[in-house]
Each structure stands twice: as structure tokens, then as C-alpha cells.
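> Got target.cif for you, mmCIF, C-alpha atoms:
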data_structure
#
loop_
_atom_site.label_atom_id
_atom_site.label_comp_id
_atom_site.auth_asym_id
_atom_site.auth_seq_id
_atom_site.Cartn_x
_atom_site.Cartn_y
_atom_site.Cartn_z
CA MET B 1 8.73 41.18 -70.40
CA ALA B 2 7.88 37.70 -69.18
CA LEU B 3 4.19 36.78 -69.03
CA LYS B 4 2.88 35.86 -65.60
CA ILE B 5 0.81 32.71 -65.81
CA ALA B 6 0.30 31.68 -62.15
CA ARG B 7 0.86 32.85 -58.62
CA GLY B 8 1.12 30.95 -55.33
CA GLN B 9 0.75 32.42 -51.88
CA VAL B 10 1.22 31.08 -48.37
CA THR B 11 0.97 32.76 -45.00
CA ILE B 12 3.87 32.21 -42.63
CA VAL B 13 3.08 32.73 -38.96
CA ASP B 14 5.70 32.83 -36.21
CA GLN B 15 4.09 31.85 -32.93
CA ASN B 16 6.40 31.89 -29.95
CA ASP B 17 4.52 30.71 -26.89
CA ALA B 18 5.85 31.97 -23.59
CA VAL B 19 7.27 29.20 -21.44
CA SER B 20 5.36 28.07 -18.37
CA LEU B 21 7.03 28.88 -15.04
CA GLN B 22 6.44 27.28 -11.66
CA ALA B 23 8.19 28.87 -8.68
CA PHE B 24 8.30 27.63 -5.09
CA ILE B 25 10.07 28.45 -1.84
CA GLY B 26 11.50 25.67 0.33
CA SER B 27 12.08 26.12 4.06
CA SER B 28 14.71 24.51 6.28
CA GLN B 29 12.42 24.98 9.30
CA PRO B 30 8.74 24.16 10.00
CA LEU B 31 6.15 26.71 8.94
CA THR B 32 5.02 26.87 12.57
CA GLN B 33 7.08 28.30 15.42
CA VAL B 34 6.19 27.85 19.09
CA PHE B 35 6.80 30.64 21.61
CA ASN B 36 6.81 29.72 25.30
CA ARG B 37 5.48 32.64 27.29
CA ASP B 38 6.94 31.27 30.55
CA THR B 39 10.52 30.91 29.31
CA SER B 40 10.39 33.41 26.40
CA ALA B 41 11.92 30.66 24.25
CA TYR B 42 11.27 30.11 20.54
CA ALA B 43 11.05 26.59 19.15
CA PRO B 44 12.65 26.26 16.76
CA SER B 45 14.67 29.43 17.22
CA TRP B 46 15.76 31.07 13.98
CA ALA B 47 18.41 33.01 15.93
CA ALA B 48 20.48 29.86 16.53
CA SER B 49 22.20 27.53 14.08
CA PRO B 50 21.09 26.06 11.69
CA TYR B 51 18.95 29.25 11.35
CA LEU B 52 16.07 29.64 8.89
CA VAL B 53 17.05 29.23 5.24
CA LEU B 54 14.53 29.92 2.46
CA SER B 55 15.48 28.52 -0.93
CA PRO B 56 13.55 29.47 -4.08
CA SER B 57 13.14 26.99 -6.92
CA LEU B 58 12.12 27.59 -10.52
CA PHE B 59 10.91 24.93 -12.94
CA VAL B 60 10.49 25.81 -16.61
CA SER B 61 8.48 23.88 -19.17
CA GLY B 62 10.72 22.20 -21.70
CA LYS B 63 13.66 22.20 -19.28
CA SER B 64 13.04 18.67 -17.99
CA SER B 65 12.98 18.50 -14.18
CA VAL B 66 16.11 20.57 -13.47
CA ASP B 67 15.75 23.55 -11.12
CA GLN B 68 16.57 26.66 -13.21
CA ILE B 69 16.87 29.16 -10.34
CA SER B 70 20.68 29.37 -10.54
CA SER B 71 20.79 29.82 -14.32
CA VAL B 72 21.66 33.33 -15.54
CA GLY B 73 19.88 34.71 -18.59
CA ASN B 74 20.94 37.28 -21.15
CA ALA B 75 18.44 38.71 -23.62
CA ALA B 76 21.18 40.03 -25.92
CA THR B 77 22.65 36.56 -26.47
CA LEU B 78 19.28 34.74 -26.19
CA THR B 79 20.55 32.83 -23.18
CA SER B 80 17.70 31.56 -21.02
CA GLY B 81 17.85 32.00 -17.26
CA VAL B 82 17.15 34.41 -14.41
CA LYS B 83 17.90 38.00 -15.36
CA ALA B 84 20.92 39.34 -13.52
CA GLY B 85 19.96 41.81 -10.78
CA SER B 86 16.25 41.02 -10.94
CA ALA B 87 16.09 38.73 -7.88
CA LYS B 88 14.47 40.38 -4.85
CA TRP B 89 13.19 39.20 -1.48
CA TYR B 90 10.35 40.80 0.49
CA LYS B 91 9.27 40.49 4.12
CA ASN B 92 5.63 41.40 4.65
CA GLY B 93 5.74 43.42 1.44
CA VAL B 94 8.92 45.34 2.33
CA ALA B 95 12.08 44.74 0.31
CA VAL B 96 14.81 42.83 2.16
CA THR B 97 18.33 44.27 2.06
CA SER B 98 21.12 41.74 2.51
CA GLY B 99 23.02 42.43 5.73
CA GLN B 100 20.10 44.12 7.46
CA ASP B 101 17.37 42.77 9.76
CA SER B 102 19.59 39.69 10.35
CA CYS B 103 19.04 38.63 6.74
CA THR B 104 21.58 37.50 4.16
CA VAL B 105 20.72 36.99 0.48
CA GLY B 106 22.80 34.62 -1.61
CA ASP B 107 23.92 35.16 -5.19
CA ALA B 108 23.03 33.11 -8.28
CA PRO B 109 25.39 30.17 -7.50
CA ALA B 110 23.85 30.07 -3.99
CA LYS B 111 20.37 30.00 -5.59
CA TYR B 112 19.47 33.36 -4.03
CA ALA B 113 18.82 31.62 -0.70
CA LEU B 114 17.63 33.90 2.11
CA THR B 115 19.25 33.14 5.49
CA ILE B 116 17.43 34.57 8.51
CA LYS B 117 19.24 34.71 11.86
CA ALA B 118 16.55 36.31 14.00
CA ASN B 119 13.03 35.48 15.15
CA HIS B 120 10.87 37.72 13.02
CA MET B 121 7.59 36.83 14.75
CA SER B 122 6.30 37.94 18.13
CA VAL B 123 3.19 37.71 20.30
CA ALA B 124 1.98 40.95 18.75
CA SER B 125 2.86 39.86 15.20
CA PRO B 126 2.40 36.07 15.06
CA GLN B 127 2.68 35.79 11.29
CA VAL B 128 5.32 36.69 8.72
CA ARG B 129 5.27 36.27 4.94
CA TYR B 130 8.32 36.18 2.69
CA ALA B 131 8.19 36.59 -1.08
CA PHE B 132 10.76 36.06 -3.81
CA GLU B 133 10.44 37.60 -7.23
CA ALA B 134 12.66 37.80 -10.29
CA VAL B 135 12.56 37.94 -14.08
CA TYR B 136 13.17 34.91 -16.30
CA ILE B 137 14.55 35.36 -19.82
CA ASP B 138 13.49 32.64 -22.27
CA ALA B 139 15.39 31.43 -25.34
CA ASN B 140 13.67 34.10 -27.49
CA GLY B 141 14.80 36.94 -25.22
CA LEU B 142 11.32 37.42 -23.75
CA GLU B 143 11.33 38.62 -20.14
CA ILE B 144 8.82 36.87 -17.86
CA PRO B 145 8.43 37.99 -14.24
CA PHE B 146 7.64 35.34 -11.61
CA ARG B 147 6.95 35.32 -7.87
CA ALA B 148 6.64 32.82 -5.00
CA GLU B 149 5.55 33.29 -1.39
CA ILE B 150 5.78 31.41 1.91
CA GLN B 151 4.13 32.20 5.25
CA PHE B 152 5.06 31.30 8.83
CA THR B 153 2.80 31.27 11.89
CA GLN B 154 3.69 31.44 15.56
CA HIS B 155 1.83 29.41 18.18
CA LEU B 156 1.76 30.76 21.72
CA SER B 157 2.42 28.13 24.37
CA ALA B 158 1.22 28.87 27.87
CA GLY B 159 3.89 26.58 29.29
CA ALA B 160 3.83 22.82 29.41
CA THR B 161 0.85 22.44 27.08
CA ILE B 162 1.36 20.20 24.05
CA THR B 163 0.95 20.89 20.36
CA ALA B 164 1.70 19.08 17.10
CA VAL B 165 3.92 20.74 14.51
CA ALA B 166 4.23 19.24 11.01
CA TYR B 167 6.64 20.18 8.23
CA ALA B 168 8.15 18.73 5.05
CA PRO B 169 11.98 18.44 5.26
CA ASP B 170 12.35 17.93 1.50
CA GLY B 171 9.63 20.29 0.26
CA VAL B 172 6.01 19.71 -0.72
CA VAL B 173 6.13 19.60 -4.53
CA PHE B 174 6.55 16.62 -6.87
CA LYS B 175 7.85 17.80 -10.24
CA ASN B 176 8.12 15.20 -13.01
CA ASP B 177 10.78 12.70 -11.88
CA ALA B 178 12.92 15.21 -9.96
CA VAL B 179 12.28 13.38 -6.68
CA ALA B 180 10.95 9.88 -6.10
CA THR B 181 9.76 10.51 -2.55
CA LEU B 182 9.10 13.34 -0.10
CA ARG B 183 8.80 13.21 3.69
CA ALA B 184 6.20 14.54 6.10
CA HIS B 185 7.45 15.00 9.65
CA CYS B 186 5.45 15.82 12.76
CA ASP B 187 6.60 16.31 16.36
CA LEU B 188 4.85 16.72 19.68
CA TRP B 189 6.08 19.88 21.35
CA ARG B 190 5.72 20.10 25.12
CA GLY B 191 6.33 23.73 25.93
CA ALA B 192 9.46 24.62 23.97
CA THR B 193 10.92 21.09 23.60
CA ILE B 194 10.12 18.06 21.45
CA ASP B 195 8.75 15.07 23.39
CA THR B 196 9.21 11.62 21.81
CA THR B 197 8.58 9.48 24.89
CA ASN B 198 5.21 7.93 25.73
CA VAL B 199 3.57 9.20 22.55
CA THR B 200 1.57 7.41 19.83
CA TYR B 201 1.42 8.55 16.21
CA ALA B 202 -1.32 8.05 13.60
CA TRP B 203 -1.16 9.34 10.02
CA GLY B 204 -4.10 9.86 7.70
CA ILE B 205 -4.87 11.07 4.18
CA LYS B 206 -7.89 13.23 3.36
CA ASP B 207 -10.82 10.99 2.37
CA SER B 208 -14.34 12.39 2.65
CA ALA B 209 -15.86 8.86 2.53
CA VAL B 210 -14.41 7.85 5.92
CA PHE B 211 -17.18 7.90 8.52
CA THR B 212 -17.56 7.45 12.26
CA GLY B 213 -19.06 4.12 13.29
CA THR B 214 -22.85 3.74 13.40
CA THR B 215 -25.42 0.94 13.89
CA VAL B 216 -28.09 -0.93 11.95
CA THR B 217 -31.59 0.26 12.88
CA ALA B 218 -33.61 -2.40 11.05
CA ALA B 219 -32.71 -6.09 10.77
CA ALA B 220 -31.53 -7.23 7.32
CA ASN B 221 -31.46 -10.78 5.98
CA ALA B 222 -28.53 -12.47 4.30
CA GLY B 223 -28.65 -11.71 0.59
CA ALA B 224 -30.08 -8.22 1.09
CA THR B 225 -28.41 -5.37 -0.78
CA THR B 226 -29.64 -2.55 1.47
CA ILE B 227 -29.31 -1.70 5.15
CA VAL B 228 -30.81 1.06 7.29
CA VAL B 229 -28.40 2.81 9.64
CA ALA B 230 -28.63 5.36 12.42
CA SER B 231 -26.38 7.90 10.65
CA VAL B 232 -25.18 8.31 7.07
CA ALA B 233 -22.81 11.20 7.82
CA ASN B 234 -19.71 11.01 5.55
CA MET B 235 -21.03 7.90 3.78
CA GLU B 236 -20.53 8.23 0.02
CA PRO B 237 -20.95 6.00 -3.05
CA GLY B 238 -17.72 4.10 -3.60
CA GLY B 239 -16.84 4.18 0.09
CA LYS B 240 -16.22 1.06 2.17
CA LEU B 241 -18.04 -0.26 5.23
CA LYS B 242 -17.69 -3.29 7.50
CA LEU B 243 -20.67 -5.18 8.87
CA GLY B 244 -19.95 -8.29 10.90
CA SER B 245 -17.14 -10.18 9.17
CA GLY B 246 -17.96 -8.78 5.75
CA GLU B 247 -16.61 -5.72 3.96
CA TYR B 248 -18.82 -4.01 1.36
CA THR B 249 -18.72 -1.14 -1.12
CA ILE B 250 -21.40 1.53 -0.92
CA SER B 251 -23.43 1.97 -4.10
CA ALA B 252 -25.87 4.69 -3.03
CA VAL B 253 -26.92 6.63 0.09
CA ASN B 254 -30.39 8.01 0.80
CA VAL B 255 -29.89 10.85 3.27
CA SER B 256 -33.58 11.20 4.19
CA THR B 257 -34.38 7.51 4.80
CA LYS B 258 -30.82 6.55 5.85
CA VAL B 259 -30.94 3.56 3.54
CA VAL B 260 -27.53 2.46 2.27
CA THR B 261 -27.39 0.40 -0.92
CA LEU B 262 -24.45 -1.98 -1.37
CA THR B 263 -22.82 -3.23 -4.56
CA SER B 264 -22.98 -6.83 -3.29
CA ALA B 265 -25.41 -8.83 -1.15
CA LEU B 266 -24.92 -9.36 2.59
CA SER B 267 -23.10 -12.60 3.29
CA ALA B 268 -24.83 -12.92 6.67
CA ALA B 269 -27.89 -11.50 8.41
CA ALA B 270 -27.50 -8.21 10.28
CA ALA B 271 -29.43 -7.73 13.52
CA THR B 272 -30.75 -4.42 14.79
CA GLY B 273 -27.99 -2.65 16.66
CA ALA B 274 -25.19 -4.37 14.74
CA ALA B 275 -22.10 -2.19 14.39
CA VAL B 276 -21.35 -0.60 11.01
CA THR B 277 -17.80 0.74 10.73
CA CYS B 278 -15.43 2.14 8.13
CA PRO B 279 -12.27 0.01 7.72
CA TYR B 280 -10.15 3.16 7.33
CA TYR B 281 -11.46 5.07 10.37
CA HIS B 282 -9.22 5.86 13.35
CA SER B 283 -10.45 7.64 16.45
CA MET B 284 -7.32 9.81 16.71
CA LEU B 285 -7.83 11.12 13.16
CA GLY B 286 -11.63 11.37 13.09
CA ALA B 287 -14.08 11.28 10.19
CA GLY B 288 -12.90 12.41 6.77
CA TRP B 289 -9.40 10.96 7.17
CA ALA B 290 -8.27 7.50 6.03
CA HIS B 291 -5.85 5.88 8.47
CA LEU B 292 -2.56 5.00 6.74
CA THR B 293 -1.22 1.53 7.57
CA SER B 294 0.83 -1.18 5.90
CA ALA B 295 -2.50 -2.65 4.74
CA ASN B 296 -3.76 0.73 3.52
CA PRO B 297 -0.60 2.60 2.44
CA ARG B 298 -2.09 4.70 -0.40
CA GLY B 299 1.35 5.52 -1.77
CA VAL B 300 3.03 6.00 1.63
CA THR B 301 5.87 3.51 1.90
CA ALA B 302 7.03 3.80 5.51
CA GLY B 303 6.58 5.43 8.91
CA TRP B 304 2.86 4.88 9.52
CA THR B 305 3.36 4.67 13.31
CA THR B 306 6.30 7.08 13.65
CA ASN B 307 6.78 10.84 13.51
CA GLU B 308 7.79 10.73 9.82
CA ILE B 309 6.20 9.14 6.76
CA THR B 310 7.70 8.67 3.29
CA ILE B 311 5.37 9.74 0.48
CA THR B 312 5.73 8.67 -3.15
CA ALA B 313 4.49 10.62 -6.16
CA ASP B 314 1.79 7.96 -6.62
CA ALA B 315 0.16 9.16 -3.37
CA VAL B 316 -0.37 12.69 -4.69
CA LEU B 317 -2.75 13.29 -7.56
CA ASN B 318 -2.63 17.05 -8.17
CA PHE B 319 -3.05 17.87 -4.47
CA GLU B 320 -3.29 15.77 -1.30
CA THR B 321 -3.50 16.65 2.38
CA PHE B 322 -2.09 14.47 5.17
CA LYS B 323 -2.88 14.64 8.88
CA CYS B 324 -0.74 13.57 11.81
CA ALA B 325 -2.40 12.86 15.16
CA ILE B 326 -0.21 12.43 18.25
CA LYS B 327 -1.50 11.09 21.55
CA ASP B 328 0.24 11.76 24.86
CA THR B 329 0.19 8.35 26.58
CA ASP B 330 2.13 9.47 29.66
CA THR B 331 -0.32 8.88 32.52
CA ALA B 332 2.10 9.82 35.28
CA ALA B 333 0.67 11.88 38.12
CA GLY B 334 0.63 15.59 37.37
CA ASN B 335 0.54 15.25 33.58
CA ALA B 336 -2.43 17.44 32.62
CA SER B 337 -2.23 16.36 28.96
CA ALA B 338 -2.44 12.59 29.60
CA ASN B 339 -4.34 10.84 26.77
CA LYS B 340 -4.80 14.15 24.96
CA VAL B 341 -4.57 14.09 21.14
CA VAL B 342 -3.07 16.98 19.14
CA CYS B 343 -3.01 17.22 15.34
CA ASP B 344 -1.46 19.10 12.45
CA ILE B 345 -1.92 18.85 8.68
CA LEU B 346 0.42 19.15 5.69
CA SER B 347 -0.40 19.36 1.98
CA PHE B 348 1.62 18.18 -1.02
CA SER B 349 1.24 19.12 -4.69
CA ASP B 350 1.99 17.32 -7.94
CA MET B 351 3.22 19.87 -10.47
CA SER B 352 4.37 17.33 -13.05
CA ASP B 353 3.92 18.31 -16.68
CA PRO B 354 1.23 16.26 -18.47
CA ILE B 355 2.34 13.24 -20.49
CA MET B 356 1.26 13.23 -24.13
CA VAL B 357 0.80 9.94 -26.01
CA ASP B 358 1.59 9.83 -29.73
CA LEU B 359 0.73 6.66 -31.67
CA VAL B 360 2.94 6.04 -34.71
CA SER B 361 3.14 3.29 -37.34
CA GLN B 362 5.78 2.66 -40.00
CA ARG B 363 3.21 0.89 -42.20
CA GLY B 364 0.45 3.41 -41.62
CA PHE B 365 -3.00 2.79 -40.22
CA VAL B 366 -4.61 1.53 -43.44
CA ILE B 367 -4.91 -2.16 -44.34
CA LYS B 368 -4.85 -2.27 -48.14
CA ASN B 369 -6.49 -5.26 -49.87
CA ASN B 370 -5.88 -7.43 -46.82
CA GLY B 371 -2.18 -7.29 -47.59
CA ASN B 372 -0.60 -5.94 -44.41
CA ASP B 373 -0.77 -5.89 -40.65
CA VAL B 374 -0.46 -2.63 -38.67
CA ASP B 375 2.50 -2.08 -36.40
CA VAL B 376 1.88 0.58 -33.73
CA LYS B 377 4.18 2.17 -31.17
CA ALA B 378 3.28 4.52 -28.34
CA LEU B 379 5.65 7.46 -27.90
CA LEU B 380 5.45 9.43 -24.64
CA TYR B 381 6.37 13.11 -24.43
CA ARG B 382 6.61 15.44 -21.45
CA SER B 383 7.67 19.09 -21.78
CA GLY B 384 8.46 18.37 -25.42
CA GLU B 385 10.96 15.61 -24.60
CA GLU B 386 10.44 11.90 -25.17
CA ILE B 387 10.36 9.74 -22.06
CA ASP B 388 10.38 5.98 -21.50
CA SER B 389 11.91 5.21 -24.88
CA ALA B 390 12.73 1.70 -23.63
CA GLY B 391 9.14 1.06 -22.59
CA THR B 392 10.07 -0.15 -19.10
CA ALA B 393 8.88 2.70 -16.85
CA TYR B 394 5.19 2.49 -17.70
CA THR B 395 2.58 -0.14 -18.52
CA TYR B 396 0.91 0.08 -21.93
CA THR B 397 -2.57 -1.42 -22.34
CA TRP B 398 -4.27 -1.37 -25.74
CA LYS B 399 -7.90 -1.94 -26.72
CA LEU B 400 -9.26 -2.39 -30.23
CA TRP B 401 -12.90 -1.26 -30.31
CA ASN B 402 -15.51 -1.81 -33.00
CA THR B 403 -16.54 1.14 -35.16
CA ALA B 404 -19.46 2.05 -32.90
CA GLY B 405 -17.26 1.99 -29.81
CA THR B 406 -19.61 -0.41 -28.04
CA SER B 407 -17.40 -3.48 -27.64
CA VAL B 408 -13.73 -4.41 -27.39
CA LEU B 409 -12.58 -6.69 -30.19
CA LYS B 410 -9.12 -7.44 -28.86
CA THR B 411 -6.60 -6.29 -26.24
CA TYR B 412 -2.81 -5.96 -26.42
CA THR B 413 0.02 -5.05 -24.06
CA GLY B 414 3.45 -3.49 -24.58
CA LYS B 415 4.94 -0.29 -25.93
CA SER B 416 4.90 -1.70 -29.47
CA ILE B 417 2.14 -3.97 -30.78
CA THR B 418 0.97 -5.45 -34.06
CA VAL B 419 -2.69 -5.37 -35.05
CA ALA B 420 -3.24 -8.29 -37.40
CA LYS B 421 -5.28 -7.66 -40.52
CA ALA B 422 -7.63 -10.42 -39.39
CA ASP B 423 -8.46 -8.39 -36.26
CA VAL B 424 -10.04 -5.54 -38.24
CA THR B 425 -13.21 -5.76 -40.30
CA GLY B 426 -14.07 -2.50 -41.99
CA LYS B 427 -12.87 -0.10 -39.32
CA GLY B 428 -11.58 -0.30 -35.78
CA VAL B 429 -10.65 2.22 -33.09
CA LEU B 430 -7.36 1.59 -31.30
CA MET B 431 -6.84 3.08 -27.84
CA CYS B 432 -3.71 3.01 -25.70
CA GLU B 433 -3.79 3.61 -21.93
CA VAL B 434 -0.54 4.31 -20.10
CA SER B 435 -0.27 3.57 -16.39
CA LYS B 436 2.39 3.24 -13.75
#
Hey, can you dump this file as C-alpha cells for me?

Amino acid sequence: MALKIARGQVTIVDQNDAVSLQAFIGSSQPLTQVFNRDTSAYAPSWAASPYLVLSPSLFVSGKSSVDQISSVGNAATLTSGVKAGSAKWYKNGVAVTSGQDSCTVGDAPAKYALTIKANHMSVASPQVRYAFEAVYIDANGLEIPFRAEIQFTQHLSAGATITAVAYAPDGVVFKNDAVATLRAHCDLWRGATIDTTNVTYAWGIKDSAVFTGTTVTAAANAGATTIVVASVANMEPGGKLKLGSGEYTISAVNVSTKVVTLTSALSAAAATGAAVTCPYYHSMLGAGWAHLTSANPRGVTAGWTTNEITITADAVLNFETFKCAIKDTDTAAGNASANKVVCDILSFSDMSDPIMVDLVSQRGFVIKNNGNDVDVKALLYRSGEEIDSAGTAYTYTWKLWNTAGTSVLKTYTGKSITVAKADVTGKGVLMCEVSK
């Protein structure tokens, strides 16, 4: 019998993380419907073409930015996708049967879209909620249930009164690079019809630092870094204000004394009663909303003065809310809503997977006996897949810090850089920041 002289042991662990699912429901019609009591008309009416079509979408981590809702899964063959027969629609918690209640449910190739050919809301029931649920099978055969909901609200119009109705024709979710832009659309409804004549539009983005104009209550000399104002409502550090011909950034706000500290000195003296305004304020939008213009686009590329704006992914960090204000400028005799402003809001979400930065070097990160430089490359990964391999989609900024992290020794730019051996004494900390 052989003599045992040594033994080795290792623990093998199989960890299969469940994939992350994000489900949404897109609507072909606004989330608000107007009912005219005088004419008994719905606007828009779901009972007339193009009807109301609800389309679910499913995004799966590791599946890039492709909608997976039409994929069909099979646990037996480890094929990932939606489990056959698991897709169900609900109206106010009650299961929807295709062919009943003026509803038709599509199959997998049709992305399970729900087509509604009737007005499901009424004066007595002014809200309706639809839900879609199904089961997703991942590549390991694991079954993961998911659900998404969408709600509609009906506004009651007494007749020729006006209201603003906003909706997103292309959806409200940015997912990785699936779409470059989304649209926000808002119309003025007069009774049961859209009115586009003699109206003025203003769009804003939620910004709590936008304040209503106020005045200086104590004279300040040129060179001063503080002013005293009548009201500090909505003023916040980092916000902007205009005083005379100068524009300044707020450093601090004392609510009790109403003293506002600026990051830079006044370029001219300010007399008592001088107007203090916010450069982003618009009377139609009110405080808390930054007026979107060509000079202040904030990621919105077009449509600032129309009924539709184009929003880029750069405008939405996690979650952003936009407001449309519409003014009826028709001053003809008999128009009870002349110069009246109506508003509606719309929110967009950024559901992009986080980008991970991996720094690699073929020579390693050790300089041995002053004999080599260090070549470094930044690799970007999202959902487990490398992106921007050419290094053209993003900007790469590098900083070499001293060991204590108190000063920057040198800066570099580019996806790939070389840290010369002369740049490092003892140790250095290299940091890469990726921006777009």
C-alpha cells in the first residue's frame, strides 16, 4: 500500500447570481385623458384609431441594450427568455382576457402588446391601472418573475376650459445606448380639441435653486462679498443670481438674517431696492424650475419654445422632471382663458447599467531599479461587456497623486498613457476619470 505523504484541499464554490431585470410599459397615448362633459367626448379617444397600445419592455443585465421581451425561454434547454404562457395583463388587478373588454393581447413576436379599443375611464372611475407580469428564464434555467405597471388619469373638462397634457412619444427611460434622445410633448387642450394658435410655450427642468426675484434691503459697496435681501426663499449654495449687470454664484445663505454670501466680490455698488433675480427664472414656470433655452439647454437640444422638446441622456442623471407651461395669448373678446397659464410635468429615468473602469498594464505597475516606464490602459465594462474599445466615445483624464494624496504630480489624457519612471518617486497613486 502506498504511503500518503501530503494532502491538498481546495473549496470550489459555484455562485450563480440571478440576473437583474428592469421592466417598463410604453404607451402610444398620453397618460392623461380629457373628458368633455358638454359633448361627452374623450380626448384622445381610445375607441378610435390609432387606439391605445401598451407595449411592455424587458431589459436584462448582461444582454446589452436589446429589449428581451420577445425572446422565448426554455428551462430544459437553458435558453434564456420569457417563459411561454407566463405573460399576463391585468386591469385594476383583474386579469385581462384577449378578445374581451375591447382588449387584444399580442403574442411573443408582437411583444405581448395590449391593444385597447374602448375608453376604460369614466367620471365615476377617473383612473385605470394596467399591469404586465411574466416569468423570465435565465441561462441557468432559473425562473425569475417580473412585473411592470402604468396608470392613466382622466381630467374632467367643463367645456371650453383649457388644460395642459404632457406625454412622452418615445417612452421615458434611457437604457445604456439603446436610444440617443427621447421627446417630451405637451399640448394645450381647449375642451376636447388641441389648440396650437395664439399660445406660448415655456419648458423647465426641476431646479430647487431657482428663486423668484427679490430686492436688496441694505446698500452694498463694490468689492463686498455679501448682500442682504428681502427674501432668501429657494436660494441655495451653488445657485446663481443677477445683480445689476453682474452674475454671481451663491456661497452661503443665512435664513435668519437674510444675508447672502457670494463666491466673488461685487463688481459694482448695489443700492437699497436694487433688483436681485435668478438668471434661470421664468414667470410661467415659477420658482423651483430652471427655464430651458438655447443659452441654458441642460441637455435639451431643441424645441425650447415649441410643444415638443428633444432630451438627450446627458440631461437625465438617474431621474429628472420637466415642466411645460403654456399661456393662452388669445385676447379676443369672449375668451375667458386669455393670458391664463396651464402646466403639466413629465419625468424621465436613466436606467443605464453602471460603467466599471479596469486599469491594466502589460509591464505591470512596478518600476524595477529605474529600468522601465509603466504603460496603462483604461478598459470600460458595462453589463459584463467591454465598451469604447477604440477610446473615442469617452474622455479619459488621468491624475498621478503623491503617496499622501495631497497633491497632483502630473496629468495625462487618453485611453492609453505612459507613466515615465521619472514621474514616480517612491510611490504614486494613479487615478483615471471617464467623462462624456
> Apply the PyMOL selection byres ((chain B and resi 241) around 6) to the file shown and report the selected residues as a ChimeraX atom specification.
/B:240,242,247-248,277-278
> Fewer than 6 positions away in the same chain doesn't count, so skip those; otherwise give me all residues within 8 Å of Lys88 (chain B), counting all atoms listed in the file, as a JSON list (two decimals) with C-alpha atoms, in the frame of the given file.

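File produced: around.json:
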[["chain", "number", "residue", "atom", "x", "y", "z"],
["B", 95, "ALA", "CA", 12.08, 44.74, 0.31],
["B", 96, "VAL", "CA", 14.81, 42.83, 2.16],
["B", 132, "PHE", "CA", 10.76, 36.06, -3.81],
["B", 133, "GLU", "CA", 10.44, 37.60, -7.23],
["B", 134, "ALA", "CA", 12.66, 37.80, -10.29]]
> Near Thr263 (chain B), counting only C-alpha atoms, which residues have an atom at most 7 Å away, once you skip same-chain residues fewer than 2 positions from it, shown as number ranges by chain?
B: 249-251, 261
> Identify, on the basis of only C-alpha atoms, every residue whose closest approach to Phe174 (chain B) does not exceed 10 Å; exclude the query and any residue fewer than 5 positions from it along the same chain; express the result as a list in words.
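With the cut-off at 10 Å, the set is Ser65, Val179, Ala180, Thr181, Leu182, Thr312, Ala313, Asp314, Val316, Leu317, Asn318, Phe319, Phe348, Ser349, Asp350, Met351 and Ser352 of chain B.
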> Deliver the residues from the most recent selection as a file, using C-alpha atoms, as a tab-separated table (two decimals), keeping the file's coordinate frame.

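Written out: part11.tsv:
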chain	number	residue	atom	x	y	z
B	65	SER	CA	12.98	18.50	-14.18
B	179	VAL	CA	12.28	13.38	-6.68
B	180	ALA	CA	10.95	9.88	-6.10
B	181	THR	CA	9.76	10.51	-2.55
B	182	LEU	CA	9.10	13.34	-0.10
B	312	THR	CA	5.73	8.67	-3.15
B	313	ALA	CA	4.49	10.62	-6.16
B	314	ASP	CA	1.79	7.96	-6.62
B	316	VAL	CA	-0.37	12.69	-4.69
B	317	LEU	CA	-2.75	13.29	-7.56
B	318	ASN	CA	-2.63	17.05	-8.17
B	319	PHE	CA	-3.05	17.87	-4.47
B	348	PHE	CA	1.62	18.18	-1.02
B	349	SER	CA	1.24	19.12	-4.69
B	350	ASP	CA	1.99	17.32	-7.94
B	351	MET	CA	3.22	19.87	-10.47
B	352	SER	CA	4.37	17.33	-13.05
> Would you pick out the contacts of Ala393 (chain B) at 12 Å or less, using only C-alpha atoms, so that residues sharing its chain but fewer than 3 positions from it are not included, and give the list as JSON, numbers by chain?
{"B": [177, 380, 387, 388, 389, 390, 396, 414, 415, 434, 435, 436]}
> Missing atoms in region 82-93 of chain B: fill them in up to N, CA and C atoms and send the result as an mmCIF file, in the frame of the given file.

data_model
loop_
_atom_site.group_PDB
_atom_site.id
_atom_site.type_symbol
_atom_site.label_atom_id
_atom_site.label_comp_id
_atom_site.auth_asym_id
_atom_site.auth_seq_id
_atom_site.Cartn_x
_atom_site.Cartn_y
_atom_site.Cartn_z
ATOM 1 N N VAL B 82 17.617 33.301 -15.239
ATOM 2 C CA VAL B 82 17.150 34.410 -14.410
ATOM 3 C C VAL B 82 17.950 35.669 -14.759
ATOM 4 N N LYS B 83 17.245 36.748 -14.989
ATOM 5 C CA LYS B 83 17.900 38.000 -15.360
ATOM 6 C C LYS B 83 18.759 38.510 -14.216
ATOM 7 N N ALA B 84 19.989 38.858 -14.534
ATOM 8 C CA ALA B 84 20.920 39.340 -13.520
ATOM 9 C C ALA B 84 20.370 40.605 -12.856
ATOM 10 N N GLY B 85 20.412 40.643 -11.525
ATOM 11 C CA GLY B 85 19.960 41.810 -10.780
ATOM 12 C C GLY B 85 18.463 41.894 -10.552
ATOM 13 N N SER B 86 17.710 40.947 -11.070
ATOM 14 C CA SER B 86 16.250 41.020 -10.940
ATOM 15 C C SER B 86 15.726 40.332 -9.684
ATOM 16 N N ALA B 87 16.551 39.492 -9.043
ATOM 17 C CA ALA B 87 16.090 38.730 -7.880
ATOM 18 C C ALA B 87 15.924 39.633 -6.667
ATOM 19 N N LYS B 88 14.760 39.563 -6.030
ATOM 20 C CA LYS B 88 14.470 40.380 -4.850
ATOM 21 C C LYS B 88 13.671 39.567 -3.843
ATOM 22 N N TRP B 89 13.944 39.804 -2.572
ATOM 23 C CA TRP B 89 13.190 39.200 -1.480
ATOM 24 C C TRP B 89 12.372 40.281 -0.771
ATOM 25 N N TYR B 90 11.203 39.890 -0.252
ATOM 26 C CA TYR B 90 10.350 40.800 0.490
ATOM 27 C C TYR B 90 9.886 40.136 1.784
ATOM 28 N N LYS B 91 9.823 40.943 2.835
ATOM 29 C CA LYS B 91 9.270 40.490 4.120
ATOM 30 C C LYS B 91 8.046 41.345 4.409
ATOM 31 N N ASN B 92 6.891 40.684 4.429
ATOM 32 C CA ASN B 92 5.630 41.400 4.650
ATOM 33 C C ASN B 92 5.474 42.589 3.708
ATOM 34 N N GLY B 93 5.893 42.393 2.457
ATOM 35 C CA GLY B 93 5.740 43.420 1.440
ATOM 36 C C GLY B 93 6.856 44.440 1.377
#
